[in-house]
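So this one's input-v5.cif, mmCIF, C-alpha atoms:
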data_query
loop_
_atom_site.label_atom_id
_atom_site.label_comp_id
_atom_site.auth_asym_id
_atom_site.auth_seq_id
_atom_site.Cartn_x
_atom_site.Cartn_y
_atom_site.Cartn_z
CA MET A 1 0.00 0.00 0.00
CA SER A 2 1.17 3.52 -0.71
CA GLN A 3 -0.26 4.89 2.51
CA SER A 4 1.56 4.75 5.86
CA THR A 5 0.19 2.76 8.80
CA SER A 6 -1.31 5.92 10.25
CA GLY A 7 -3.44 6.34 7.15
CA LYS A 8 -1.65 9.51 6.06
CA ILE A 9 -0.01 9.93 2.72
CA PRO A 10 3.68 10.73 3.27
CA THR A 11 4.69 14.11 1.95
CA LYS A 12 7.96 15.00 0.33
CA LYS A 13 10.29 17.35 2.12
CA PRO A 14 10.33 20.69 0.26
CA GLN A 15 13.38 21.09 -1.92
CA ARG A 16 15.62 24.05 -1.21
CA VAL A 17 15.57 26.51 -4.10
CA GLN A 18 19.06 26.99 -5.52
CA PHE A 19 20.66 30.11 -6.94
CA THR A 20 20.76 30.37 -10.71
CA PRO A 21 24.29 30.98 -12.05
CA GLN A 22 23.32 34.60 -12.79
CA GLU A 23 21.90 35.13 -9.29
CA ARG A 24 25.00 33.67 -7.67
CA LYS A 25 27.33 35.81 -9.78
CA SER A 26 25.37 39.01 -9.13
CA SER A 27 25.06 38.32 -5.40
CA MET A 28 28.79 37.68 -5.10
CA LEU A 29 29.67 40.82 -7.05
CA LEU A 30 27.28 42.97 -4.99
CA ALA A 31 28.67 41.47 -1.78
CA LEU A 32 32.16 42.31 -3.03
CA LEU A 33 31.06 45.86 -3.90
CA PHE A 34 29.41 46.45 -0.52
CA SER A 35 32.20 44.88 1.56
CA THR A 36 34.99 46.67 -0.36
CA ARG A 37 33.32 50.02 0.21
CA MET A 38 32.78 49.21 3.87
CA LEU A 39 36.40 48.13 4.18
CA GLY A 40 37.35 51.60 2.97
CA LEU A 41 35.26 53.08 5.79
CA PHE A 42 36.27 50.57 8.44
CA LEU A 43 40.02 50.95 7.85
CA LEU A 44 40.08 54.29 9.66
CA THR A 45 38.08 53.22 12.72
CA PRO A 46 40.50 51.07 14.78
CA ILE A 47 43.57 53.26 14.32
CA PHE A 48 42.57 56.90 13.95
CA ALA A 49 42.61 57.86 17.63
CA VAL A 50 46.33 57.02 17.79
CA ALA A 51 47.38 57.91 14.23
CA ALA A 52 45.72 61.37 14.41
CA GLN A 53 48.22 62.46 17.07
CA SER A 54 50.72 63.09 14.29
CA ILE A 55 48.62 65.93 12.80
CA VAL A 56 47.19 69.23 14.04
CA GLY A 57 44.24 68.70 16.39
CA GLY A 58 44.96 65.01 16.87
CA ASN A 59 45.23 65.33 20.64
CA ASP A 60 41.68 66.68 20.93
CA ALA A 61 39.43 63.69 21.69
CA MET A 62 36.36 65.68 20.75
CA LYS A 63 37.66 66.44 17.24
CA VAL A 64 38.84 62.85 16.80
CA GLY A 65 35.36 61.64 17.69
CA ILE A 66 33.75 64.05 15.23
CA ALA A 67 36.11 62.91 12.46
CA LEU A 68 35.28 59.27 13.13
CA GLY A 69 31.54 59.88 13.21
CA ALA A 70 31.17 62.65 10.61
CA TYR A 71 30.44 60.33 7.71
CA GLY A 72 27.68 58.70 9.78
CA LEU A 73 25.73 61.95 9.97
CA THR A 74 25.76 62.60 6.22
CA GLN A 75 25.08 58.89 5.58
CA ALA A 76 21.99 59.15 7.78
CA LEU A 77 20.77 62.25 5.95
CA MET A 78 21.29 60.83 2.44
CA GLN A 79 20.47 57.12 2.82
CA ILE A 80 16.73 57.27 2.06
CA PRO A 81 16.87 60.10 -0.56
CA LEU A 82 19.51 58.21 -2.55
CA GLY A 83 17.53 54.98 -2.21
CA MET A 84 14.56 56.79 -3.74
CA ALA A 85 16.82 58.24 -6.45
CA SER A 86 17.98 54.74 -7.34
CA ASP A 87 14.34 53.77 -7.95
CA LYS A 88 13.89 56.69 -10.33
CA PHE A 89 17.24 56.82 -12.13
CA GLY A 90 18.56 53.29 -11.68
CA ARG A 91 20.91 51.61 -9.21
CA ARG A 92 24.07 51.95 -11.28
CA PRO A 93 24.20 55.75 -11.78
CA VAL A 94 23.38 56.45 -8.13
CA ILE A 95 26.05 54.05 -6.88
CA ILE A 96 28.64 55.39 -9.31
CA GLY A 97 27.86 58.95 -8.17
CA GLY A 98 28.16 57.87 -4.54
CA MET A 99 31.52 56.24 -5.15
CA VAL A 100 32.82 59.39 -6.89
CA LEU A 101 31.99 61.37 -3.72
CA PHE A 102 33.62 58.65 -1.62
CA ILE A 103 36.84 58.88 -3.66
CA ILE A 104 36.90 62.70 -3.54
CA GLY A 105 36.41 62.60 0.24
CA GLY A 106 39.27 60.15 0.59
CA VAL A 107 41.59 62.37 -1.46
CA VAL A 108 40.63 65.44 0.61
CA SER A 109 41.44 63.47 3.78
CA ALA A 110 44.74 62.20 2.35
CA LEU A 111 45.85 65.77 1.60
CA ALA A 112 44.67 67.16 4.95
CA THR A 113 47.23 68.38 7.48
CA SER A 114 44.77 68.70 10.38
CA VAL A 115 41.83 66.84 11.88
CA ASP A 116 39.57 69.64 10.60
CA GLY A 117 40.52 68.78 7.02
CA ILE A 118 39.81 65.10 7.67
CA ILE A 119 36.38 66.01 9.04
CA VAL A 120 35.60 67.73 5.70
CA GLY A 121 36.75 64.65 3.79
CA ARG A 122 34.67 62.33 5.96
CA VAL A 123 31.57 64.46 5.44
CA LEU A 124 32.09 64.18 1.66
CA GLN A 125 32.53 60.42 1.92
CA GLY A 126 29.27 60.12 3.84
CA LEU A 127 27.32 62.02 1.19
CA GLY A 128 27.76 58.99 -1.07
CA ALA A 129 25.25 56.96 0.96
CA ILE A 130 24.61 53.96 -1.29
CA SER A 131 23.76 51.16 1.17
CA ALA A 132 20.04 51.27 0.38
CA ALA A 133 20.72 51.31 -3.37
CA ILE A 134 23.03 48.27 -3.14
CA THR A 135 20.49 46.41 -1.00
CA ALA A 136 17.80 47.19 -3.57
CA TRP A 137 20.09 45.94 -6.36
CA VAL A 138 20.44 42.63 -4.52
CA ALA A 139 16.63 42.42 -4.40
CA ASP A 140 16.43 43.22 -8.13
CA ALA A 141 18.93 40.48 -8.97
CA THR A 142 17.37 37.62 -6.96
CA ARG A 143 14.11 35.76 -6.61
CA PRO A 144 12.27 35.93 -3.25
CA GLU A 145 13.12 32.27 -2.57
CA VAL A 146 16.88 32.94 -2.48
CA ARG A 147 16.93 36.63 -1.50
CA THR A 148 17.51 36.03 2.21
CA ARG A 149 20.59 33.93 1.42
CA ALA A 150 21.85 36.66 -0.92
CA MET A 151 21.42 39.26 1.83
CA ALA A 152 23.22 36.96 4.25
CA MET A 153 26.08 36.71 1.75
CA VAL A 154 26.35 40.49 1.73
CA GLY A 155 26.18 40.68 5.52
CA SER A 156 28.87 38.05 5.97
CA ALA A 157 31.16 39.86 3.54
CA ILE A 158 30.72 43.12 5.47
CA GLY A 159 31.52 41.34 8.73
CA LEU A 160 34.65 39.89 7.18
CA SER A 161 35.73 43.32 5.90
CA PHE A 162 35.42 44.73 9.41
CA ALA A 163 37.60 41.93 10.78
CA VAL A 164 40.17 42.52 8.03
CA SER A 165 40.22 46.25 8.77
CA LEU A 166 41.12 45.67 12.42
CA VAL A 167 44.27 43.84 11.41
CA LEU A 168 45.14 45.62 8.17
CA SER A 169 44.80 49.28 9.21
CA PRO A 170 47.56 49.28 11.88
CA VAL A 171 49.94 47.62 9.41
CA MET A 172 49.13 50.13 6.66
CA VAL A 173 49.50 53.15 8.94
CA GLY A 174 52.79 51.74 10.21
CA GLN A 175 54.09 51.42 6.65
CA PHE A 176 52.55 54.40 4.87
CA GLY A 177 51.25 56.77 7.55
CA LEU A 178 47.75 58.21 7.94
CA SER A 179 47.88 59.93 4.54
CA GLY A 180 48.82 56.63 2.88
CA LEU A 181 45.83 54.97 4.54
CA PHE A 182 43.47 57.53 3.00
CA TRP A 183 45.06 57.04 -0.44
CA ALA A 184 44.42 53.31 -0.03
CA ILE A 185 40.80 54.03 0.97
CA SER A 186 40.38 56.13 -2.19
CA GLY A 187 41.86 53.27 -4.20
CA LEU A 188 39.26 50.89 -2.76
CA GLY A 189 36.61 53.40 -3.79
CA LEU A 190 37.92 53.29 -7.36
CA VAL A 191 37.69 49.48 -7.33
CA CYS A 192 34.06 49.75 -6.20
CA LEU A 193 33.30 52.28 -8.92
CA LEU A 194 34.67 49.93 -11.59
CA ILE A 195 32.67 46.97 -10.23
CA ALA A 196 29.47 49.02 -10.23
CA ALA A 197 30.11 50.49 -13.69
CA PHE A 198 31.15 47.39 -15.62
CA ALA A 199 30.72 44.11 -13.73
CA ILE A 200 27.15 43.93 -12.42
CA PRO A 201 24.20 43.52 -14.82
CA GLU A 202 21.22 45.88 -14.61
CA TYR A 203 17.88 44.31 -13.64
CA PRO A 204 14.26 45.48 -13.79
CA ARG A 205 13.37 47.31 -10.58
CA ALA A 206 10.34 45.27 -9.59
CA GLU A 207 10.45 46.11 -5.87
CA PRO A 208 11.20 49.76 -5.08
CA ILE A 209 13.26 50.42 -1.98
CA ILE A 210 10.65 53.00 -0.90
CA GLN A 211 7.14 51.66 -1.49
CA ALA A 212 5.30 52.58 1.71
CA LYS A 213 4.85 55.55 4.02
CA ALA A 214 7.40 56.36 6.70
CA SER A 215 4.61 56.05 9.28
CA ASP A 216 4.38 52.33 8.44
CA VAL A 217 7.87 51.76 9.84
CA LEU A 218 7.75 54.44 12.55
CA GLY A 219 4.52 52.92 13.87
CA HIS A 220 5.89 49.36 13.98
CA LYS A 221 7.09 48.78 17.54
CA GLU A 222 9.25 45.73 16.79
CA LEU A 223 11.09 47.53 14.00
CA LEU A 224 11.60 50.56 16.22
CA ARG A 225 13.23 48.33 18.84
CA LEU A 226 15.51 46.81 16.21
CA ASN A 227 16.42 50.28 14.93
CA PHE A 228 17.26 51.38 18.45
CA GLY A 229 19.37 48.24 18.77
CA VAL A 230 21.51 48.94 15.71
CA PHE A 231 21.85 52.59 16.79
CA ALA A 232 23.07 51.47 20.22
CA LEU A 233 25.43 48.84 18.81
CA HIS A 234 27.26 51.24 16.50
CA PHE A 235 27.17 54.09 19.04
CA ILE A 236 29.01 51.80 21.47
CA LEU A 237 31.43 50.61 18.78
CA MET A 238 32.48 54.13 17.83
CA THR A 239 32.75 55.20 21.49
CA LEU A 240 35.03 52.21 22.05
CA PHE A 241 37.32 53.14 19.19
CA VAL A 242 37.55 56.77 20.28
CA VAL A 243 39.20 55.65 23.53
CA VAL A 244 40.60 52.09 23.26
CA PRO A 245 43.49 52.67 20.81
CA GLY A 246 44.85 55.37 23.12
CA VAL A 247 44.46 53.12 26.17
CA LEU A 248 46.35 50.30 24.44
CA ALA A 249 49.10 52.71 23.43
CA GLN A 250 49.39 53.93 27.01
CA ILE A 251 49.34 50.64 28.92
CA GLY A 252 50.97 48.39 26.32
CA GLY A 253 53.29 50.71 24.46
CA PHE A 254 51.60 49.96 21.14
CA ASP A 255 52.06 52.50 18.38
CA SER A 256 49.73 52.82 15.41
CA GLY A 257 51.69 50.22 13.44
CA SER A 258 51.64 47.50 16.09
CA LEU A 259 48.04 47.50 17.30
CA TRP A 260 47.39 44.57 14.97
CA LYS A 261 49.16 42.38 17.53
CA VAL A 262 46.16 42.93 19.79
CA TYR A 263 43.44 43.04 17.14
CA LEU A 264 44.39 39.88 15.21
CA PRO A 265 44.05 37.31 18.03
CA VAL A 266 40.98 39.11 19.37
CA ILE A 267 39.17 38.92 16.03
CA LEU A 268 40.14 35.30 15.30
CA VAL A 269 38.88 34.07 18.66
CA SER A 270 35.73 36.21 18.49
CA PHE A 271 34.79 34.70 15.11
CA ALA A 272 35.24 31.23 16.59
CA PHE A 273 32.52 32.18 19.07
CA MET A 274 30.24 33.86 16.53
CA ILE A 275 29.81 30.92 14.15
CA PRO A 276 28.33 28.41 16.64
CA ALA A 277 26.21 31.19 18.20
CA VAL A 278 24.62 32.00 14.83
CA ILE A 279 24.07 28.31 14.03
CA TYR A 280 22.44 27.73 17.43
CA THR A 281 20.16 30.74 16.95
CA GLU A 282 18.96 29.64 13.52
CA THR A 283 18.55 25.92 14.26
CA ARG A 284 16.81 26.42 17.62
CA LYS A 285 14.87 29.47 16.38
CA ALA A 286 15.91 31.18 19.59
CA HIS A 287 16.31 34.69 18.17
CA LYS A 288 14.74 36.59 21.08
CA LYS A 289 16.50 34.54 23.74
CA VAL A 290 19.91 34.88 22.10
CA LEU A 291 19.41 38.59 21.38
CA GLN A 292 18.60 39.30 25.04
CA ALA A 293 21.58 37.27 26.26
CA LEU A 294 23.99 39.01 23.88
CA VAL A 295 22.80 42.52 24.72
CA LEU A 296 23.00 41.81 28.45
CA GLY A 297 26.51 40.43 27.86
CA LEU A 298 27.41 43.63 25.99
CA ALA A 299 26.25 45.73 28.96
CA VAL A 300 28.34 43.65 31.37
CA VAL A 301 31.45 43.89 29.18
CA MET A 302 31.17 47.67 28.84
CA ALA A 303 30.52 48.07 32.57
CA PHE A 304 33.57 46.08 33.66
CA MET A 305 36.02 47.16 30.95
CA PRO A 306 36.87 50.50 32.65
CA LEU A 307 37.85 48.62 35.82
CA PHE A 308 40.56 46.79 33.85
CA SER A 309 41.64 49.70 31.65
CA SER A 310 45.04 49.91 33.38
CA LEU A 311 45.85 46.24 32.72
CA LEU A 312 46.86 45.03 29.26
CA TRP A 313 45.63 41.47 29.76
CA GLY A 314 42.31 42.82 31.08
CA MET A 315 41.76 45.03 28.05
CA VAL A 316 42.59 42.17 25.69
CA VAL A 317 40.13 39.84 27.42
CA PHE A 318 37.34 42.40 27.41
CA LEU A 319 37.98 43.36 23.77
CA LEU A 320 37.71 39.67 22.88
CA LEU A 321 34.39 39.42 24.73
CA PHE A 322 33.17 42.64 23.12
CA PHE A 323 33.87 41.47 19.57
CA ALA A 324 32.43 38.01 20.21
CA VAL A 325 29.16 39.73 21.14
CA PHE A 326 29.40 42.50 18.53
CA ASN A 327 30.03 40.20 15.56
CA THR A 328 27.11 37.94 16.52
CA LEU A 329 24.74 40.88 16.98
CA GLU A 330 25.88 42.37 13.68
CA ALA A 331 24.87 39.12 11.93
CA LEU A 332 21.66 38.62 13.93
CA GLN A 333 20.04 42.06 13.75
CA PRO A 334 19.53 42.39 9.96
CA SER A 335 18.01 38.91 9.81
CA LEU A 336 15.56 39.97 12.52
CA VAL A 337 14.55 43.02 10.46
CA SER A 338 13.81 40.76 7.49
CA ARG A 339 11.76 38.44 9.74
CA VAL A 340 9.79 41.23 11.41
CA ALA A 341 9.12 43.66 8.54
CA PRO A 342 5.96 42.98 6.49
CA ALA A 343 6.71 42.04 2.89
CA ASP A 344 5.23 45.23 1.43
CA TYR A 345 7.74 47.52 3.12
CA LYS A 346 10.89 45.51 3.79
CA GLY A 347 12.83 47.93 1.60
CA LEU A 348 11.72 50.97 3.56
CA ALA A 349 12.42 49.13 6.82
CA MET A 350 16.00 48.47 5.71
CA GLY A 351 16.35 52.11 4.68
CA PHE A 352 15.44 53.24 8.20
CA TYR A 353 17.65 50.53 9.69
CA ASN A 354 20.67 51.76 7.69
CA THR A 355 19.87 55.36 8.64
CA THR A 356 19.73 54.67 12.37
CA GLN A 357 22.94 52.64 12.10
CA SER A 358 24.66 55.68 10.58
CA LEU A 359 23.24 57.92 13.31
CA GLY A 360 24.75 55.55 15.86
CA VAL A 361 28.16 55.93 14.20
CA PHE A 362 27.88 59.72 14.35
CA GLY A 363 26.47 59.81 17.87
CA GLY A 364 29.06 57.43 19.26
CA GLY A 365 31.95 59.34 17.74
CA LEU A 366 30.62 62.71 18.92
CA ALA A 367 29.49 61.70 22.41
CA GLY A 368 32.43 59.36 22.98
CA GLY A 369 34.90 62.10 22.12
CA PHE A 370 33.09 64.66 24.27
CA VAL A 371 32.81 62.46 27.36
CA ALA A 372 36.37 61.14 27.05
CA SER A 373 37.76 64.67 26.76
CA THR A 374 35.70 66.13 29.63
CA ALA A 375 35.08 63.29 32.09
CA GLY A 376 37.63 60.64 31.14
CA VAL A 377 37.93 57.33 29.31
CA GLN A 378 36.14 55.31 32.00
CA TRP A 379 33.00 57.44 31.81
CA ALA A 380 32.88 57.12 28.03
CA LEU A 381 32.85 53.32 28.38
CA TRP A 382 30.26 53.46 31.18
CA MET A 383 28.10 55.59 28.91
CA GLY A 384 28.17 52.68 26.47
CA ALA A 385 27.21 50.30 29.28
CA GLY A 386 24.22 52.47 30.17
CA LEU A 387 23.02 52.51 26.56
CA ALA A 388 23.37 48.71 26.39
CA VAL A 389 21.21 48.36 29.53
CA MET A 390 18.52 50.51 27.87
CA TRP A 391 18.74 48.28 24.79
CA TRP A 392 18.42 45.13 26.91
CA LEU A 393 15.29 46.51 28.57
CA SER A 394 13.78 47.17 25.14
CA THR A 395 14.48 43.58 23.99
CA ARG A 396 12.39 42.24 26.87
CA ARG A 397 9.32 43.75 25.19
CA PHE A 398 9.81 41.91 21.90
CA ASN A 399 7.07 39.63 20.65
CA ALA A 400 7.45 36.21 22.29
CA GLN A 401 7.40 34.53 18.87
CA LEU A 402 10.43 36.44 17.57
#
As structure tokens:
Amino acid sequence: MSQSTSGKIPTKKPQRVQFTPQERKSSMLLALLFSTRMLGLFLLTPIFAVAAQSIVGGNDAMKVGIALGAYGLTQALMQIPLGMASDKFGRRPVIIGGMVLFIIGGVVSALATSVDGIIVGRVLQGLGAISAAITAWVADATRPEVRTRAMAMVGSAIGLSFAVSLVLSPVMVGQFGLSGLFWAISGLGLVCLLIAAFAIPEYPRAEPIIQAKASDVLGHKELLRLNFGVFALHFILMTLFVVVPGVLAQIGGFDSGSLWKVYLPVILVSFAFMIPAVIYTETRKAHKKVLQALVLGLAVVMAFMPLFSSLLWGMVVFLLLFFAVFNTLEALQPSLVSRVAPADYKGLAMGFYNTTQSLGVFGGGLAGGFVASTAGVQWALWMGAGLAVMWWLSTRRFNAQL
């Protein structure tokens, strides 16, 4: 008999939809484009607080923080308008225009002799806010059945570029100086421009990045909590990098060219933690539980880090714990946005998510620099701990089915 003993007809397990060769190629190229551009931005973050001391204004923590966060402000202002422009004029011309601004900003920074000049360059770089346009291009190039995997490919590539930047930037500054680092960043921008101009096919824009009202996202409580989460995460990250390079230089004698000796082992071990954490979350469908645990862990790390800021081994341990949590949250949060956002305005939801992320970068650089320069390094880190506690409290109100 064809029926089972229970009387039910056995059903076949649904087959996983595979990428077409064109979808795989486009997804890989867009991931390369996004991650290369982000590498150009990330390269400055882990080293600038120490490297800037060689130029005028580099000893002013407030100015250093503004320079680190300046691109985040203009990114936040331009993210949604340029996403809308990409719907009207096409993804390629908007991304090419954004990369031209990115390159010009890098050149301005490379030629600058003061932190003020670098702030101008960073503002110009941020005006080329193309994250929403690239995300929309990924959606154009893929079917709904494989789109989440394509987005995950992009997200993983960005995470890898951040890890690479932590190790590569100290080496580059040690060899070529701060100006040489900005020339390299401009070179990466040129690579991105060429990829966007010649390598990636154009696709019909079937799903606009902006296809609903802003009130749809602003009235969605779960999305607001996720937006606050990405704001907090990047605020804390930028605050950390305003103060930690200087602390490591002071207690460990590390100059800008040798900080990689701390960053490399920290990143390798933190990734070893991240991979099983992500697998556990997806297989057990424990997104809310894991999110709450990670955010609480982030608050604890930031609260205790100042107490060990005079000990090299203590700072290394707490940096390792920080990046283990940060990398996992960075992978988890965008997937939660895609799970929570209704299908008819996922694009707009991602636009707001990218905008609040950029605001976190700006806010963390500005506030971290201000607090470090007026109240001290410890209070800047405790500020991050306080924000993480607020984030943890917001996660407790998530839908139980998340």
Take every atom of stretch 244-261 of chain A listed in the file, pad by 3 Å on each side, and give me the axis-aligned box centre and edge lengths in Å, one decimal, as lines of an AutoDock Vina configuration file.
center_x = 46.9
center_y = 48.9
center_z = 21.2
size_x = 18.7
size_y = 19.0
size_z = 21.5
Picked residues, the PyMOL selection byres ((chain A and resi 244) around 10), expected as a ChimeraX atom specification: /A:46-47,49-50,238-243,245-250,309,315,319,377,381
I'd like the interatomic distance between atom CA of A:Leu264 and atom CA of A:Asn59, to a tenth of an Å.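 Computing the Euclidean distance for atom CA of A:Leu264 and atom CA of A:Asn59 yields 26.0 Å.
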Interatomic distance between atom CA of A:Gly58 and atom CA of A:Val115? 6.2 Å
For A:Leu178, which of A:Leu224, A:Val107, A:Ala67, A:Ala51 is the closest residue, counting all atoms listed in the file?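 Smallest distance to A:Leu178 is found for A:Ala51.
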Mind telling me what the PyMOL selection byres ((chain A and resi 17-23) around 8) catches here, as number ranges by chain? A: 15-16, 24-27, 141-142, 145-146
Using only C-alpha atoms, find the one residue out of A:Thr395, A:Ser338, A:Gly253, A:Leu237 that sits nearest to A:Val295.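 Under the stated criterion, the closest residue is A:Thr395.
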Contacts of A:Trp379 at 12 Å (all atoms listed in the file; same-chain gap of 4+ positions) as a list in words: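 The contact residues come out as Thr239, Leu240, Val243, Met302, Ala303, Phe304, Met305, Pro306, Leu307, Ser309, Ala367, Gly368, Gly369, Phe370, Val371, Ala372, Ser373, Thr374, Ala375, Met383, Gly384, Ala385 and Gly386 of chain A.
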One decimal place gives the atom CA of A:Ser114-atom CA of A:Leu359 separation as 24.3 Å
Local residues around (13.2, 41.8, 30.8), at most 12 Å away, using all atoms listed in the file, as a list in words: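 It turns out the residues near that spot are Lys288, Lys289, Leu291, Gln292, Ala293, Val295, Leu296, Val389, Met390, Trp391, Trp392, Leu393, Ser394, Thr395, Arg396, Arg397, Phe398 and Ala400 of chain A.
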With distances taken over only C-alpha atoms, which of A:Leu44, A:Cys192, A:Val94, A:Leu294 is nearest to A:Phe326?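 Among the listed residues, the smallest separation from A:Phe326 belongs to A:Leu294.
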Neighbouring residues of A:Ala388 were defined as those with any atom within 7 Å, considering all atoms listed in the file; residues of the same chain fewer than 5 positions away were excluded. Please report them as a list in words. Ala232, Val295, Leu298 and Ala299 of chain A
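Between A:Gly177 and the candidates A:Asn354, A:Ser86, A:Gln79, A:Ser54, the tightest atom-to-atom separation, counting only C-alpha atoms, involves A:Ser54.
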Pick out the closest residue to A:Lys221 from this set: A:Ile95, A:Met78, A:Val340, A:Gly90. Count only C-alpha atoms. A:Val340
From the options A:Ala349, A:Leu168, A:Val64, A:Ile103, which residue's atoms come nearest to A:Gly219, counting only C-alpha atoms?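 When distances to A:Gly219 are compared using only C-alpha atoms, the smallest one comes from A:Ala349.
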Identify all residues satisfying the PyMOL selection byres ((chain A and resi 227) around 12) in the given file; provide them as a VMD selection string. chain A and resid 217 to 218 220 to 226 228 to 234 333 to 334 336 to 337 340 to 341 349 to 360 391 394 to 395
Fill-in result for stretch 231-237 of chain A, all heavy atoms as a compact mmCIF listing (two decimals), in the coordinates of the input:
# COMPACT_ATOMS: atom_id res chain seq x y z
N PHE A 231 21.31 51.30 16.37
CA PHE A 231 21.85 52.59 16.79
C PHE A 231 22.77 52.40 18.00
O PHE A 231 23.91 52.90 18.02
CB PHE A 231 20.71 53.55 17.15
CG PHE A 231 21.17 54.83 17.80
CD1 PHE A 231 21.54 55.92 17.03
CD2 PHE A 231 21.24 54.94 19.19
CE1 PHE A 231 21.98 57.10 17.62
CE2 PHE A 231 21.68 56.11 19.79
CZ PHE A 231 22.04 57.19 19.01
N ALA A 232 22.29 51.68 19.00
CA ALA A 232 23.07 51.47 20.22
C ALA A 232 24.35 50.71 19.93
O ALA A 232 25.43 51.05 20.45
CB ALA A 232 22.23 50.72 21.25
N LEU A 233 24.26 49.68 19.09
CA LEU A 233 25.43 48.84 18.81
C LEU A 233 26.55 49.65 18.18
O LEU A 233 27.72 49.55 18.58
CB LEU A 233 25.02 47.68 17.91
CG LEU A 233 26.10 46.63 17.61
CD1 LEU A 233 26.55 45.93 18.90
CD2 LEU A 233 25.58 45.59 16.61
N HIS A 234 26.22 50.48 17.20
CA HIS A 234 27.26 51.24 16.50
C HIS A 234 27.67 52.50 17.28
O HIS A 234 28.81 52.95 17.14
CB HIS A 234 26.79 51.55 15.08
CG HIS A 234 26.88 50.35 14.20
ND1 HIS A 234 27.95 50.11 13.38
CD2 HIS A 234 26.04 49.29 14.05
CE1 HIS A 234 27.77 48.96 12.75
NE2 HIS A 234 26.62 48.44 13.15
N PHE A 235 26.79 53.02 18.11
CA PHE A 235 27.17 54.09 19.04
C PHE A 235 28.26 53.57 19.98
O PHE A 235 29.30 54.21 20.19
CB PHE A 235 25.93 54.51 19.83
CG PHE A 235 26.15 55.67 20.77
CD1 PHE A 235 25.65 56.93 20.45
CD2 PHE A 235 26.82 55.52 21.98
CE1 PHE A 235 25.82 58.01 21.32
CE2 PHE A 235 27.01 56.57 22.85
CZ PHE A 235 26.50 57.82 22.53
N ILE A 236 28.04 52.38 20.53
CA ILE A 236 29.01 51.80 21.47
C ILE A 236 30.32 51.47 20.76
O ILE A 236 31.41 51.70 21.29
CB ILE A 236 28.40 50.55 22.13
CG1 ILE A 236 27.22 50.95 23.03
CG2 ILE A 236 29.45 49.78 22.94
CD1 ILE A 236 26.38 49.78 23.52
N LEU A 237 30.22 50.94 19.53
CA LEU A 237 31.43 50.61 18.78
C LEU A 237 32.30 51.83 18.56
O LEU A 237 33.52 51.80 18.78
CB LEU A 237 31.05 49.99 17.43
CG LEU A 237 32.22 49.68 16.48
CD1 LEU A 237 33.03 48.49 17.01
CD2 LEU A 237 31.73 49.40 15.06
